[in-house]
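What follows is a set of notes on a single structure, which appears directly below.
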Amino acid sequence: MTSTSAVFSALAPYGWDEAWADGFAPYAADGLLPGRVVRVDRGQCDIVTADGTVRADTQFVVPRDPMKVVCTGDWVAVDPHGDPRYVRAYLPRRTAFVRSTSSKRSEGQILAANVDHAVVAVSLALELDLGRVERFLALAWESGAQPVVALTKADLVPDPVTLAHLVQDVETSAPGVPVLAVSALHGDGLDTLVALAGSGTSVLLGQSGAGKSTLANALVGADVMDVRAARDVDGKGRHTTTTRNLLALPSGGVLIDTPGLRGVGLFDAGTGVGQVFADIEELAGGCRFHDCAHETEPGCAVRSAVENGELPERRLESYRKLVRENQWIVAKTDARVRAELRRDWKRKGAEGRAAMRAKRGPWT
């Protein structure tokens, strides 16, 4: 049986610590081996263990529940002697990135587990889509990890004044989040990102063509991820990364590179939305009504901030959109929320009809 010291020596570079060891103790007593999932592919996964990297089947871990499937970043218990080998269990996750699936059922999909830093890659080769940045940040905050925005391909913006304005635009949309302009091609701005990624586990999130694989190669210091040029017509990539891969970094820490995400649906991310729009929620504390929708209500501090130029109208619209989307997702599985939304729709409908009657006058 592999010794405790050998386990620590082999797995410490992948994030193994005393807390994980304590949590694994019951499985160790059963003769199971700890390991971290570095890749998942079609019901099987690659696991780094003290005995080397092994291939194991995940079918024993609640296969019909998408929220409980084994994912990249999980710490698992594997049978070291089985043929084939099976993942028997995974340790409780410290953090988990969850998005809604594209199916009509209200389900979440686990993207990565046990992540400390979420690096949202945004390409400067295209016009900034701040609404999409806010959506990724809501996902990141909700996971429990610390978000970071990496504005990639900064070498394509040679004017420092223009680059500073782009960084400032993103900072306005990302309160409390570091925003770094980086060029993996020339190494500009990578020092801070290397230092951050060197502590704990980081995950790279973003659209295809955002430069995630190039950035991963720069952080690892080797061409471990395939890279292809983005299309000139729209800057979109070609999904060079098709699975989520966990990579050990020479500076310490580990990095999970993910495929480009075309859709980023929220899944019960009310806390994450609140953190992304902390400025709006702080303003909302000054509204006359505690349930103010920030639309036409009198004494609305949020609308007042928009009118005074303190808050961009675009940001308020993005906030409304994400709040509505998250409410809709939660309502699909929560009868109480569903009833509250139904009452709210009826109230707004009645107010709208009353406003129309008042506008038409008593003769109608």
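Quick note on naming: the chains in the structure tokens go A, B, ... in the order shown, residues restart at 1 in each chain, and ligands are numbered from 1 in order of appearance.
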
List every residue of range 274-300 of chain A that has an atom at most 9 Å from any atom of range 314-328 of chain A, giving for each one its closest atom pair and the distance in Å to one decimal, counting only C-alpha atoms, sorted by chain and then by ascending residue number, as a tab-separated table.
```
residue	atom	partner	partner_atom	distance
A:Gly274	CA	A:Val323	CA	8.8
A:Val276	CA	A:Tyr319	CA	8.7
A:Phe277	CA	A:Tyr319	CA	6.8
A:Ile280	CA	A:Leu316	CA	7.6
A:Ala293	CA	A:Arg320	CA	8.6
A:His294	CA	A:Leu316	CA	8.7
```

Same residues, N, CA and C atoms, saved as a PDB file, in the first residue's frame:
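Contents of out_30.pdb, as written:
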```pdb
ATOM      1  N   GLY A 274     -25.375  39.214  -7.688  1.00  0.00           N
ATOM      2  CA  GLY A 274     -25.310  40.294  -6.716  1.00  0.00           C
ATOM      3  C   GLY A 274     -23.905  40.843  -6.557  1.00  0.00           C
ATOM      4  N   VAL A 276     -21.431  40.686  -8.901  1.00  0.00           N
ATOM      5  CA  VAL A 276     -21.044  41.374 -10.132  1.00  0.00           C
ATOM      6  C   VAL A 276     -21.619  42.788 -10.158  1.00  0.00           C
ATOM      7  N   PHE A 277     -22.833  42.919  -9.657  1.00  0.00           N
ATOM      8  CA  PHE A 277     -23.519  44.215  -9.679  1.00  0.00           C
ATOM      9  C   PHE A 277     -23.634  44.779  -8.266  1.00  0.00           C
ATOM     10  N   ILE A 280     -24.861  48.368  -8.094  1.00  0.00           N
ATOM     11  CA  ILE A 280     -26.307  48.575  -8.253  1.00  0.00           C
ATOM     12  C   ILE A 280     -27.043  48.164  -6.985  1.00  0.00           C
ATOM     13  N   ALA A 293     -38.159  47.726  -8.620  1.00  0.00           N
ATOM     14  CA  ALA A 293     -37.667  47.051  -9.822  1.00  0.00           C
ATOM     15  C   ALA A 293     -36.774  47.963 -10.653  1.00  0.00           C
ATOM     16  N   HIS A 294     -36.583  49.191 -10.199  1.00  0.00           N
ATOM     17  CA  HIS A 294     -35.716  50.167 -10.862  1.00  0.00           C
ATOM     18  C   HIS A 294     -36.195  50.462 -12.288  1.00  0.00           C
TER      19      HIS A 294
END
```

Can I get the residues of range 239-291 of chain A within 6 Å of range 38-60 of chain A, each with the closest pair of atoms and their distance in Å to one decimal, using only C-alpha atoms, sorted chain first then ascending number, as CSV?
```
residue,atom,partner,partner_atom,distance
A:Arg244,CA,A:Arg39,CA,5.9
A:Asn245,CA,A:Arg39,CA,5.1
A:Leu246,CA,A:Val38,CA,4.5
```

(request) Please report, as a PyMOL selection string, each residue of range 81-245 of chain A to which DSSP assigns strand (DSSP E or B) when run on this structure's backbone. (result) chain A and resi 86-90+96-100+108-113+117-123+146-152+179-181+183+188+201-205+245

Same residues, N, CA and C atoms, saved as a short mmCIF file (atom, residue, chain, number, x, y, z; two decimals), in the first residue's frame:
```
data_model
loop_
_atom_site.label_atom_id
_atom_site.label_comp_id
_atom_site.auth_asym_id
_atom_site.auth_seq_id
_atom_site.Cartn_x
_atom_site.Cartn_y
_atom_site.Cartn_z
N TYR A 86 -12.28 1.66 -11.14
CA TYR A 86 -13.47 2.49 -11.01
C TYR A 86 -13.23 3.59 -9.99
N VAL A 87 -13.83 4.76 -10.25
CA VAL A 87 -13.88 5.81 -9.24
C VAL A 87 -15.00 5.44 -8.29
N ARG A 88 -14.68 5.25 -7.01
CA ARG A 88 -15.68 4.83 -6.04
C ARG A 88 -16.43 6.01 -5.44
N ALA A 89 -15.76 7.16 -5.32
CA ALA A 89 -16.38 8.35 -4.72
C ALA A 89 -15.50 9.55 -5.01
N TYR A 90 -16.08 10.73 -4.84
CA TYR A 90 -15.25 11.94 -4.87
C TYR A 90 -15.45 12.70 -3.57
N ALA A 96 -17.32 24.83 -6.97
CA ALA A 96 -17.76 24.14 -8.19
C ALA A 96 -18.33 25.15 -9.18
N PHE A 97 -17.88 25.07 -10.42
CA PHE A 97 -18.42 25.92 -11.48
C PHE A 97 -19.58 25.20 -12.13
N VAL A 98 -20.75 25.82 -12.07
CA VAL A 98 -21.96 25.20 -12.59
C VAL A 98 -22.66 26.16 -13.54
N ARG A 99 -23.01 25.67 -14.72
CA ARG A 99 -23.85 26.45 -15.63
C ARG A 99 -25.08 25.63 -15.97
N SER A 100 -26.10 26.28 -16.48
CA SER A 100 -27.29 25.53 -16.87
C SER A 100 -27.02 24.82 -18.19
N GLY A 108 -28.09 21.54 -14.00
CA GLY A 108 -26.81 22.20 -14.01
C GLY A 108 -25.74 21.29 -14.56
N GLN A 109 -24.69 21.89 -15.11
CA GLN A 109 -23.57 21.14 -15.63
C GLN A 109 -22.32 21.60 -14.90
N ILE A 110 -21.58 20.65 -14.31
CA ILE A 110 -20.35 20.97 -13.61
C ILE A 110 -19.24 21.17 -14.64
N LEU A 111 -18.57 22.34 -14.58
CA LEU A 111 -17.47 22.62 -15.50
C LEU A 111 -16.11 22.27 -14.88
N ALA A 112 -15.93 22.56 -13.62
CA ALA A 112 -14.66 22.30 -12.93
C ALA A 112 -14.92 22.37 -11.43
N ALA A 113 -14.06 21.69 -10.68
CA ALA A 113 -14.25 21.62 -9.22
C ALA A 113 -12.97 21.99 -8.48
N HIS A 117 -9.08 30.25 -8.25
CA HIS A 117 -9.10 31.45 -9.07
C HIS A 117 -9.76 31.14 -10.41
N ALA A 118 -10.66 32.00 -10.85
CA ALA A 118 -11.30 31.86 -12.15
C ALA A 118 -10.79 32.96 -13.06
N VAL A 119 -10.02 32.60 -14.08
CA VAL A 119 -9.45 33.57 -15.02
C VAL A 119 -10.36 33.64 -16.24
N VAL A 120 -11.08 34.75 -16.37
CA VAL A 120 -11.98 34.95 -17.51
C VAL A 120 -11.18 35.61 -18.62
N ALA A 121 -10.93 34.86 -19.70
CA ALA A 121 -10.14 35.36 -20.82
C ALA A 121 -11.06 36.09 -21.81
N VAL A 122 -10.70 37.33 -22.12
CA VAL A 122 -11.49 38.17 -23.03
C VAL A 122 -10.54 38.72 -24.08
N SER A 123 -10.81 38.41 -25.34
CA SER A 123 -9.91 38.83 -26.41
C SER A 123 -10.11 40.30 -26.78
N GLN A 146 -12.24 33.17 -6.68
CA GLN A 146 -11.95 34.59 -6.89
C GLN A 146 -11.77 34.83 -8.39
N PRO A 147 -12.61 35.67 -9.00
CA PRO A 147 -12.47 35.92 -10.44
C PRO A 147 -11.31 36.88 -10.74
N VAL A 148 -10.77 36.71 -11.94
CA VAL A 148 -9.77 37.61 -12.51
C VAL A 148 -10.11 37.73 -13.99
N VAL A 149 -10.04 38.92 -14.55
CA VAL A 149 -10.26 39.09 -15.98
C VAL A 149 -8.90 39.29 -16.65
N ALA A 150 -8.60 38.47 -17.65
CA ALA A 150 -7.39 38.61 -18.44
C ALA A 150 -7.78 39.09 -19.84
N LEU A 151 -7.43 40.33 -20.15
CA LEU A 151 -7.67 40.88 -21.48
C LEU A 151 -6.53 40.42 -22.37
N THR A 152 -6.80 39.38 -23.16
CA THR A 152 -5.74 38.75 -23.95
C THR A 152 -5.51 39.50 -25.26
N VAL A 179 -8.24 43.25 -13.15
CA VAL A 179 -8.32 43.23 -14.61
C VAL A 179 -6.91 43.40 -15.15
N LEU A 180 -6.43 42.39 -15.89
CA LEU A 180 -5.05 42.40 -16.38
C LEU A 180 -5.03 42.38 -17.90
N ALA A 181 -4.28 43.29 -18.50
CA ALA A 181 -4.06 43.27 -19.95
C ALA A 181 -2.80 42.45 -20.21
N SER A 183 -0.37 39.82 -22.96
CA SER A 183 -0.02 39.33 -24.30
C SER A 183 0.82 38.08 -24.12
N ASP A 188 3.86 40.18 -22.18
CA ASP A 188 3.48 41.39 -21.44
C ASP A 188 2.38 41.09 -20.43
N THR A 201 -5.45 26.41 -7.36
CA THR A 201 -5.95 25.93 -8.65
C THR A 201 -6.67 27.06 -9.38
N SER A 202 -6.32 27.24 -10.64
CA SER A 202 -6.96 28.27 -11.47
C SER A 202 -7.65 27.60 -12.65
N VAL A 203 -8.73 28.20 -13.12
CA VAL A 203 -9.41 27.69 -14.30
C VAL A 203 -9.50 28.82 -15.32
N LEU A 204 -9.30 28.47 -16.59
CA LEU A 204 -9.43 29.43 -17.68
C LEU A 204 -10.82 29.29 -18.30
N LEU A 205 -11.56 30.39 -18.34
CA LEU A 205 -12.90 30.41 -18.93
C LEU A 205 -12.94 31.44 -20.04
N ASN A 245 -8.75 20.11 -19.18
CA ASN A 245 -7.48 19.50 -18.83
C ASN A 245 -6.84 20.21 -17.65
#
```

(message) What's around range 286-292 of chain A at 12 Å? Count only C-alpha atoms, leave out sequence neighbours fewer than 2 positions away in its own chain, and write the answer as a list in words.
(response)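 What passes the distance filter is Asp279, Ile280, Glu281, Glu282, Leu283, Ala284, His294, Glu295, Thr296, Glu297, Pro298, Gly299, Cys300, Ala301, Val302, Arg303, Ser304, Ala305, Arg320 and Asp344 of chain A.
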
Write out the residues from the selection above, keeping C-alpha atoms, as a CSV table (one decimal), in the first residue's frame.
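Output file selection-v6.csv is given in full below:
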```csv
chain,number,residue,atom,x,y,z
A,279,ASP,CA,-22.7,48.9,-7.2
A,280,ILE,CA,-26.3,48.6,-8.3
A,281,GLU,CA,-27.3,46.6,-5.2
A,282,GLU,CA,-25.7,49.2,-3.0
A,283,LEU,CA,-27.6,52.0,-4.8
A,284,ALA,CA,-30.8,50.0,-4.4
A,294,HIS,CA,-35.7,50.2,-10.9
A,295,GLU,CA,-38.1,50.9,-13.7
A,296,THR,CA,-40.8,53.6,-13.1
A,297,GLU,CA,-41.1,53.6,-9.3
A,298,PRO,CA,-40.9,56.9,-7.6
A,299,GLY,CA,-37.8,57.5,-5.4
A,300,CYS,CA,-35.7,55.0,-7.3
A,301,ALA,CA,-32.0,55.6,-6.4
A,302,VAL,CA,-30.8,53.4,-9.2
A,303,ARG,CA,-32.7,55.2,-11.9
A,304,SER,CA,-31.5,58.5,-10.4
A,305,ALA,CA,-27.9,57.3,-10.7
A,320,ARG,CA,-32.1,43.2,-15.2
A,344,ASP,CA,-45.3,39.9,-9.7
```

(request) From a DSSP calculation on the backbone, collect every residue of range 25-256 of chain A in alpha helix (DSSP H) and output the set as a ChimeraX atom specification. (result) /A:25-29,130-143,160-173,190-197,212-220

(message) Under the rule that only C-alpha atoms are counted, which of A:Gly211, A:Ser173, A:Gly198, A:Asp223 is the nearest residue to Pro250 in chain A?
(response) A:Gly198

(message) Measuring between only C-alpha atoms, which one of A:Asp257, A:Met67, A:Leu139, A:Asp74 shows the shortest distance to Lys212 in chain A?
(response) A:Asp257

(request) Return the single residue from A:Gly187, A:Gly209, A:Pro13, A:Gly144 that is closest to Leu124 in chain A, with distances computed using only C-alpha atoms. (result)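 Of A:Gly187, A:Gly209, A:Pro13, A:Gly144, the one nearest Leu124 in chain A, counting only C-alpha atoms, is A:Gly209.
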
(request) Could you check which of A:Ala140, A:Leu163, A:Ala6, A:Ala195 is closest to Gln275 in chain A, using only C-alpha atoms? (result)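 Under the stated criterion, the closest residue is A:Ala140.
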
(request) Could you give me, as a PyMOL selection string, the residues within 10 Å of Asp191 in chain A, counting only C-alpha atoms and dropping anything in the same chain fewer than 6 positions from it? (result) chain A and resi 182+197+219

(request) Just give me the gap between CA of Gly73 in chain A and CA of Val115 in chain A in Å, one decimal is fine. (result) 7.4 Å

(request) Go through A:Val170, A:Val78, A:Cys71, A:Ala248 one by one, measure the shortest atom-to-atom distance of each to Leu11 in chain A using only C-alpha atoms, and give the residue with the smallest value. (result)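 Between A:Val170, A:Val78, A:Cys71, A:Ala248, the residue approaching Leu11 in chain A most closely is A:Ala248.
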